[in-house]
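Structure file final-v4.tsv; described as TSV, C-alpha atoms and all ligand atoms.
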```tsv
chain	number	residue	atom	x	y	z
A	1	MET	CA	4.96	-80.13	10.02
A	2	ILE	CA	3.11	-81.39	13.10
A	3	ILE	CA	-0.46	-80.07	13.40
A	4	ALA	CA	-1.37	-80.02	17.09
A	5	PRO	CA	-5.12	-79.62	17.58
A	6	SER	CA	-6.30	-77.44	20.50
A	7	VAL	CA	-9.88	-78.16	21.53
A	8	LEU	CA	-10.62	-74.82	23.26
A	9	THR	CA	-13.17	-73.80	20.62
A	10	ALA	CA	-14.61	-77.30	20.28
A	11	ASN	CA	-17.71	-78.38	22.18
A	12	LEU	CA	-16.06	-78.86	25.58
A	13	ALA	CA	-19.19	-80.59	26.89
A	14	ASP	CA	-17.95	-83.48	24.72
A	15	LEU	CA	-14.21	-83.10	25.23
A	16	GLY	CA	-13.48	-86.78	24.55
A	17	ASP	CA	-15.46	-86.73	21.29
A	18	ALA	CA	-13.67	-83.58	20.12
A	19	CYS	CA	-10.25	-85.14	20.74
A	20	GLN	CA	-11.35	-88.39	19.12
A	21	GLU	CA	-12.50	-86.47	16.03
A	22	ALA	CA	-9.01	-84.99	15.71
A	23	VAL	CA	-7.35	-88.39	16.20
A	24	ASP	CA	-9.70	-89.96	13.61
A	25	ALA	CA	-8.72	-87.20	11.17
A	26	GLY	CA	-5.12	-88.40	11.53
A	27	LEU	CA	-3.81	-86.00	14.17
A	28	ASN	CA	-1.80	-87.81	16.80
A	29	TRP	CA	-0.40	-84.87	18.82
A	30	LEU	CA	-3.04	-83.30	21.07
A	31	HIS	CA	-2.30	-79.84	22.49
A	32	LEU	CA	-4.07	-79.58	25.84
A	33	ASP	CA	-4.53	-76.02	27.14
A	34	VAL	CA	-4.49	-76.07	30.93
A	35	MET	CA	-5.59	-72.73	32.44
A	36	ASP	CA	-5.88	-71.92	36.13
A	37	GLY	CA	-7.87	-68.67	36.19
A	38	ASN	CA	-4.81	-67.01	37.74
A	39	PHE	CA	-1.89	-66.97	35.29
A	40	VAL	CA	-4.55	-66.45	32.60
A	41	PRO	CA	-8.10	-65.13	33.08
A	42	ASN	CA	-9.78	-68.41	32.14
A	43	LEU	CA	-10.21	-71.92	33.51
A	44	THR	CA	-10.19	-75.14	31.55
A	45	PHE	CA	-9.30	-78.61	32.85
A	46	GLY	CA	-6.73	-80.25	35.09
A	47	PRO	CA	-5.19	-83.63	35.91
A	48	PRO	CA	-8.39	-85.60	36.74
A	49	VAL	CA	-9.99	-84.68	33.40
A	50	LEU	CA	-6.77	-85.40	31.50
A	51	ALA	CA	-6.46	-88.81	33.17
A	52	LYS	CA	-10.00	-89.71	32.01
A	53	LEU	CA	-9.20	-88.39	28.55
A	54	ARG	CA	-6.09	-90.59	28.41
A	55	LYS	CA	-8.21	-93.58	29.37
A	56	ALA	CA	-10.82	-92.76	26.70
A	57	LEU	CA	-8.30	-92.18	23.88
A	58	GLY	CA	-5.82	-94.93	24.69
A	59	ASP	CA	-2.02	-94.80	24.68
A	60	SER	CA	-1.40	-93.68	21.12
A	61	PRO	CA	-1.94	-89.90	20.90
A	62	THR	CA	0.81	-87.70	22.29
A	63	PHE	CA	-0.56	-85.53	25.11
A	64	ASP	CA	1.11	-82.11	24.94
A	65	ALA	CA	0.19	-80.17	28.10
A	66	HIS	CA	0.48	-76.40	27.74
A	67	LEU	CA	0.46	-75.33	31.39
A	68	MET	CA	-0.88	-71.77	31.70
A	69	ILE	CA	-0.72	-71.99	35.47
A	70	THR	CA	1.22	-70.23	38.23
A	71	ASN	CA	2.31	-73.34	40.13
A	72	ALA	CA	3.75	-75.45	37.31
A	73	GLU	CA	6.98	-76.01	39.25
A	74	THR	CA	5.20	-77.84	42.03
A	75	SER	CA	2.34	-79.46	40.08
A	76	PHE	CA	3.81	-80.71	36.77
A	77	GLN	CA	4.08	-84.24	38.19
A	78	GLN	CA	0.28	-84.47	38.42
A	79	TYR	CA	0.06	-83.91	34.66
A	80	ILE	CA	2.65	-86.60	33.95
A	81	ASP	CA	0.77	-88.97	36.27
A	82	ALA	CA	-2.42	-88.16	34.32
A	83	GLY	CA	-0.76	-89.42	31.14
A	84	CYS	CA	0.83	-86.35	29.58
A	85	ASP	CA	3.89	-87.11	27.42
A	86	HIS	CA	5.06	-83.55	26.98
A	87	ILE	CA	4.93	-80.62	29.42
A	88	SER	CA	5.43	-76.98	28.43
A	89	VAL	CA	5.80	-74.31	31.13
A	90	HIS	CA	5.73	-70.54	30.77
A	91	VAL	CA	8.98	-68.66	31.43
A	92	GLU	CA	6.80	-65.87	32.91
A	93	ALA	CA	5.37	-68.27	35.53
A	94	VAL	CA	8.39	-70.29	36.65
A	95	ASN	CA	11.15	-69.00	38.96
A	96	ASP	CA	13.84	-71.60	38.33
A	97	LEU	CA	13.42	-72.69	34.72
A	98	HIS	CA	16.50	-74.95	34.73
A	99	SER	CA	15.37	-76.97	37.73
A	100	CYS	CA	11.83	-77.17	36.42
A	101	VAL	CA	12.64	-78.50	32.92
A	102	ASN	CA	15.19	-80.94	34.30
A	103	ALA	CA	12.69	-82.23	36.88
A	104	ILE	CA	10.11	-82.71	34.10
A	105	LYS	CA	12.62	-84.75	32.07
A	106	THR	CA	13.71	-86.79	35.10
A	107	ALA	CA	10.03	-87.59	35.69
A	108	GLY	CA	9.88	-89.13	32.19
A	109	ALA	CA	8.24	-86.47	30.00
A	110	THR	CA	9.71	-84.23	27.34
A	111	ALA	CA	10.03	-80.59	28.37
A	112	GLY	CA	9.18	-77.34	26.66
A	113	VAL	CA	9.23	-73.67	27.56
A	114	VAL	CA	6.69	-71.09	26.40
A	115	ILE	CA	7.12	-67.36	25.79
A	116	ASN	CA	4.29	-64.86	25.51
A	117	PRO	CA	4.21	-62.44	22.55
A	118	ASN	CA	5.90	-59.68	24.60
A	119	THR	CA	8.52	-61.88	26.26
A	120	PRO	CA	12.05	-61.79	24.77
A	121	ILE	CA	13.76	-65.05	23.75
A	122	ASP	CA	16.80	-64.62	26.05
A	123	PRO	CA	15.59	-66.96	28.82
A	124	VAL	CA	14.97	-69.62	26.15
A	125	LEU	CA	18.43	-69.20	24.63
A	126	ASP	CA	19.89	-69.73	28.12
A	127	ILE	CA	18.41	-73.22	28.41
A	128	LEU	CA	18.27	-74.29	24.77
A	129	SER	CA	20.52	-77.28	25.48
A	130	ASP	CA	18.11	-78.56	28.18
A	131	ILE	CA	14.77	-78.46	26.38
A	132	ASP	CA	12.96	-80.51	23.74
A	133	LEU	CA	10.60	-77.81	22.49
A	134	VAL	CA	10.09	-74.06	22.52
A	135	LEU	CA	6.57	-72.71	22.18
A	136	VAL	CA	6.24	-69.17	20.88
A	137	MET	CA	2.82	-67.68	21.66
A	138	SER	CA	1.39	-65.73	18.72
A	139	VAL	CA	-1.58	-64.53	20.81
A	140	ASN	CA	-1.78	-63.56	24.46
A	141	PRO	CA	-2.75	-66.79	26.19
A	142	GLY	CA	-6.17	-67.39	27.69
A	143	PHE	CA	-8.63	-67.77	24.85
A	144	GLY	CA	-9.05	-69.53	21.53
A	145	GLY	CA	-10.03	-67.72	18.36
A	146	GLN	CA	-7.78	-64.64	18.66
A	147	SER	CA	-5.88	-62.95	15.82
A	148	PHE	CA	-2.30	-63.92	14.98
A	149	ILE	CA	0.36	-61.39	16.12
A	150	PRO	CA	2.81	-61.16	13.19
A	151	THR	CA	5.65	-59.47	15.15
A	152	VAL	CA	6.69	-62.87	16.54
A	153	GLU	CA	8.46	-63.49	13.22
A	154	SER	CA	11.84	-62.15	14.38
A	155	LYS	CA	11.75	-64.32	17.51
A	156	ILE	CA	11.01	-67.44	15.47
A	157	ARG	CA	13.76	-66.68	12.98
A	158	GLN	CA	16.30	-66.04	15.77
A	159	LEU	CA	15.34	-69.28	17.49
A	160	ARG	CA	15.65	-71.18	14.18
A	161	VAL	CA	19.23	-69.88	13.74
A	162	ALA	CA	20.17	-70.63	17.37
A	163	ILE	CA	18.75	-74.17	17.23
A	164	ASP	CA	20.35	-74.97	13.86
A	165	ASP	CA	23.65	-73.69	15.26
A	166	GLN	CA	23.30	-75.86	18.37
A	167	VAL	CA	22.55	-78.95	16.25
A	168	ALA	CA	25.47	-78.20	13.88
A	169	LYS	CA	27.75	-78.23	16.94
A	170	GLY	CA	26.45	-81.67	17.94
A	171	GLY	CA	23.85	-80.41	20.43
A	172	ASN	CA	20.26	-81.46	20.85
A	173	MET	CA	17.38	-80.66	18.52
A	174	VAL	CA	14.67	-78.36	19.85
A	175	GLN	CA	11.30	-78.30	18.12
A	176	ILE	CA	9.76	-74.89	17.43
A	177	GLN	CA	6.03	-74.79	18.12
A	178	ILE	CA	3.72	-71.82	17.59
A	179	ASP	CA	0.32	-71.26	19.19
A	180	GLY	CA	-2.44	-68.80	18.45
A	181	GLY	CA	-4.26	-67.70	15.32
A	182	VAL	CA	-2.72	-70.33	13.07
A	183	LYS	CA	-4.92	-70.96	10.03
A	184	SER	CA	-4.64	-72.29	6.49
A	185	HIS	CA	-3.79	-68.77	5.22
A	186	ASN	CA	-0.63	-68.36	7.33
A	187	ILE	CA	0.65	-71.87	7.95
A	188	ALA	CA	2.90	-72.07	4.88
A	189	MET	CA	4.53	-68.79	5.94
A	190	LEU	CA	5.17	-70.23	9.42
A	191	ARG	CA	6.90	-73.24	7.90
A	192	GLU	CA	9.10	-70.86	5.92
A	193	TRP	CA	10.03	-69.07	9.17
A	194	GLY	CA	11.23	-72.41	10.57
A	195	VAL	CA	8.25	-73.57	12.65
A	196	GLU	CA	7.85	-77.36	12.89
A	197	ASN	CA	4.79	-77.71	15.08
A	198	CYS	CA	1.63	-75.61	14.74
A	199	VAL	CA	-1.10	-75.53	17.34
A	200	VAL	CA	-4.42	-75.06	15.55
A	201	GLY	CA	-7.61	-74.45	17.52
A	202	SER	CA	-10.41	-72.51	15.81
A	203	GLY	CA	-8.86	-73.34	12.42
A	204	LEU	CA	-9.87	-76.96	13.04
A	205	PHE	CA	-12.78	-76.69	15.47
A	206	ASN	CA	-15.38	-74.29	14.07
A	207	ASP	CA	-18.94	-74.19	12.77
A	208	LYS	CA	-17.86	-74.09	9.13
A	209	ALA	CA	-16.69	-77.66	8.61
A	210	THR	CA	-15.53	-80.87	10.26
A	211	VAL	CA	-12.00	-81.29	11.59
A	212	ALA	CA	-11.17	-83.58	8.67
A	213	GLU	CA	-12.41	-81.01	6.14
A	214	ASN	CA	-10.54	-78.14	7.80
A	215	LEU	CA	-7.41	-80.29	8.01
A	216	ALA	CA	-7.61	-81.05	4.28
A	217	ILE	CA	-7.57	-77.30	3.56
A	218	ILE	CA	-4.54	-76.87	5.85
A	219	HIS	CA	-2.72	-79.73	4.10
A	220	GLU	CA	-3.51	-78.15	0.73
A	221	ALA	CA	-1.97	-74.88	1.92
A	222	LEU	CA	1.21	-76.77	2.84
A	223	GLU	CA	1.54	-78.51	-0.56
B	1	LIG	C1	-4.41	-69.86	23.90
B	1	LIG	C2	-4.12	-71.34	23.70
B	1	LIG	C3	-4.15	-71.79	22.28
B	1	LIG	C4	-5.39	-71.45	21.52
B	1	LIG	C5	-5.30	-71.84	20.07
B	1	LIG	O1	-4.20	-69.54	25.23
B	1	LIG	O2	-2.86	-71.65	24.21
B	1	LIG	O3	-3.80	-73.16	22.19
B	1	LIG	O4	-6.52	-72.01	22.09
B	1	LIG	O5	-6.51	-71.50	19.46
B	1	LIG	P1	-6.59	-70.70	18.09
B	1	LIG	O6	-5.92	-71.55	17.06
B	1	LIG	O7	-8.06	-70.55	17.89
B	1	LIG	O8	-5.89	-69.39	18.30
B	2	ZN	ZN	-1.88	-73.61	23.85
```
Give the structure from the file, written as C-alpha cells.
Amino acid sequence: MIIAPSVLTANLADLGDACQEAVDAGLNWLHLDVMDGNFVPNLTFGPPVLAKLRKALGDSPTFDAHLMITNAETSFQQYIDAGCDHISVHVEAVNDLHSCVNAIKTAGATAGVVINPNTPIDPVLDILSDIDLVLVMSVNPGFGGQSFIPTVESKIRQLRVAIDDQVAKGGNMVQIQIDGGVKSHNIAMLREWGVENCVVGSGLFNDKATVAENLAIIHEALE
C-alpha cells in the first residue's frame, strides 16, 4: 500500500518543511493538490511553487499532481516542466480524455484520471488501457479534513474487477488510488476493497501528533 501524503492541512506557510517531514518519515510519493478556485472553490499552488518544491526536495520523491483545474488539457505541460512525475486529471473537467492522457504520457509523465464521488466509472472503463492510475474521490474535492463517503465502495470494487481482468488478458496494470477522509480506522478496509494507493491529508498532518507518529498508527492498522 502506497501512502501518499497531502499537505493541505499542514502549515502551508512552510510547504517545503511539511513535505520534507513526510519524506523524512519514509513517504516517497507526494500527492500535490492543485486547485484553481474555479473547478473547485479553493486555491492552492501552481507550477512556480511546485518547481521550487522540486528544487528543495531533490529528485527522489515522486510528485503526484492532482489537478483540480478547468484547463488541465492545455496546462498539464507546465506541471511536468515543474518536476511532476505523475499527472491526474478530472474526467469532469476534461473534454477529450483520450487525447489528454496520451499527451501527458507522450510528455514523459504517468497519467491518471480522477472521478468525483457522484461521477460513474464508465468514462474510466473506456480508457482503462491508456492510463496508469485511477483516482476515486471519497470526498467532494476542494478541502482537506472532510468525512469519508462510504458509497464509493461499489465503484472501487468494480474497478478492481475490471483492472484484474485487463491484466489477466495481458493488458496494463492500473493503480487504484483513493483520496479523501482516509484515516487509520478505515485504511485496512480500503486495502480489502482493492485500493493500492491512499492519499492521506489530515490523518498525517494534524495537531495531535507528528507525521511519523501518525504514520506509525496507520502502519499498525495495516498489519
Ligand atoms: C481534496 C484533496 C485531498 C484532501 C485529502 O480536494 O484532493 O487530497 O486534501 O485530505 P484528507 O485526508 O484530510 O481528506
Ligand atoms: Zn487530492
task = Would you list the contacts of Gln175 (chain A) as a PyMOL selection string, taking every protein, DNA or RNA residue within 9 Å and counting all atoms listed in the file, but skipping same-chain residues closer than 3 positions in sequence?
result = chain A and resi 112+131-135+163+195-197
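By all atoms listed in the file, and with residues fewer than 2 positions from Asn38 (chain A) along its chain excluded, the set lying at most 10 Å from it is Met35, Asp36, Val40, Pro41, Asn42, Leu43, Met68, Ile69, Thr70 and Asn71 of chain A.
In terms of minimum interatomic distance to Ile3 (chain A), A:Cys198 ranks closest within A:Cys198, A:Gln177, A:Ala22, A:Leu204, counting only C-alpha atoms.
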Protein and nucleic acid residues within 8 Å of ligand ZN 2 (chain B) (only C-alpha atoms and all ligand atoms) as a list in words = Ser6, His31, Leu32, Asp33, Val34, His66, Met137, Pro141, Asp179, Gly180 and Val199 of chain A
Once you count all atoms listed in the file, what closest atom pair and distance in Å to one decimal does each residue of chain A within 6 Å of ligand LIG 1 (chain B) have, with rows by chain and rising residue number, as CSV?
```
residue,atom,partner,partner_atom,distance
A:Ser6,CA,B:LIG1,O3,5.2
A:Leu8,CA,B:LIG1,O4,5.1
A:Asp33,CA,B:LIG1,O2,5.5
A:Pro141,CA,B:LIG1,O1,3.3
A:Gly142,CA,B:LIG1,O1,3.8
A:Phe143,CA,B:LIG1,O1,4.8
A:Gly144,CA,B:LIG1,O4,3.6
A:Gly145,CA,B:LIG1,O7,3.5
A:Gln146,CA,B:LIG1,O8,5.1
A:Asp179,CA,B:LIG1,O3,5.4
A:Gly180,CA,B:LIG1,O8,3.5
A:Gly181,CA,B:LIG1,O8,3.8
A:Val182,CA,B:LIG1,O6,5.3
A:Val200,CA,B:LIG1,O6,4.1
A:Gly201,CA,B:LIG1,O6,3.4
A:Ser202,CA,B:LIG1,O7,3.7
A:Gly203,CA,B:LIG1,O6,5.8
```
ask   = Which residues come within 9 Å of Ile121 (chain A), counting only C-alpha atoms, excluding same-chain residues fewer than 4 positions away, as a count of residues only?
value = 6
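Here the question is which of A:Ala107, A:Asp85, A:Tyr79, A:Leu12 gets nearest to Leu30 (chain A) using only C-alpha atoms, and that residue is A:Asp85.
Remark: for Gly171 (chain A), the closest of the candidate residues A:Ser129, A:Asn118, A:Ser75, A:Ser184 is A:Ser129 (distances computed over all atoms listed in the file).
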key: Nearest residue to Asp24 (chain A) from the set A:Ile218, A:Ala51, A:Val139, A:Leu57 (distances using only C-alpha atoms)   = A:Leu57
query = In Å to one decimal, how far is CA of Lys183 (chain A) from CA of Asn206 (chain A)?
reply = 11.7 Å
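A cut-off of 10 Å from the point (-8.7, -85.1, 17.0), with all atoms listed in the file, picks out the residues Ala4, Pro5, Ser6, Val7, Gly16, Asp17, Ala18, Cys19, Gln20, Glu21, Ala22, Val23, Asp24, Ala25, Gly26, Leu27, Asn28, Trp29, Leu30, His31, Leu57, Pro61, Leu204, Phe205, Val211 and Ala212 of chain A.
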request  = Please provide as JSON, numbers by chain all residues within 6 Å of His86 (chain A), with the sequence filter that same-chain residues fewer than 3 positions apart are discarded (counting only C-alpha atoms).
outcome  = {"A": [64, 109, 110, 111]}
task = Could you check how far CA of Ser99 (chain A) sits from CA of Phe76 (chain A), in Å to one decimal?
result = 12.2 Å
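CA of Pro150 (chain A) to CA of Val114 (chain A) spans 17.0 Å [interatomic distance, one decimal].
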ask   = Of the candidates A:Thr151, A:Thr62, A:Gln166, A:Gln77, which shows the shortest atom-to-atom distance to Gly108 (chain A), using all atoms listed in the file?
value = A:Gln77
request  = Choose the residue, out of A:Val113, A:Val49, A:Ala221, A:Ile178, that has the smallest atom-to-atom separation from His98 (chain A); count all atoms listed in the file.
outcome  = A:Val113
Residues within 12 Å of Pro48 (chain A), only C-alpha atoms, excluding chain neighbours under 3 positions, as a PyMOL selection string = chain A and resi 34+44-45+51-55+78-84
Go ahead and fit an axis-aligned box to every listed atom of region 113-129 of chain A plus 6 Å each side, and pass me the centre and edge lengths in Å, one decimal, as lines of an AutoDock Vina configuration file.
```
center_x = 12.4
center_y = -68.5
center_z = 25.7
size_x = 28.3
size_y = 29.6
size_z = 18.3
```
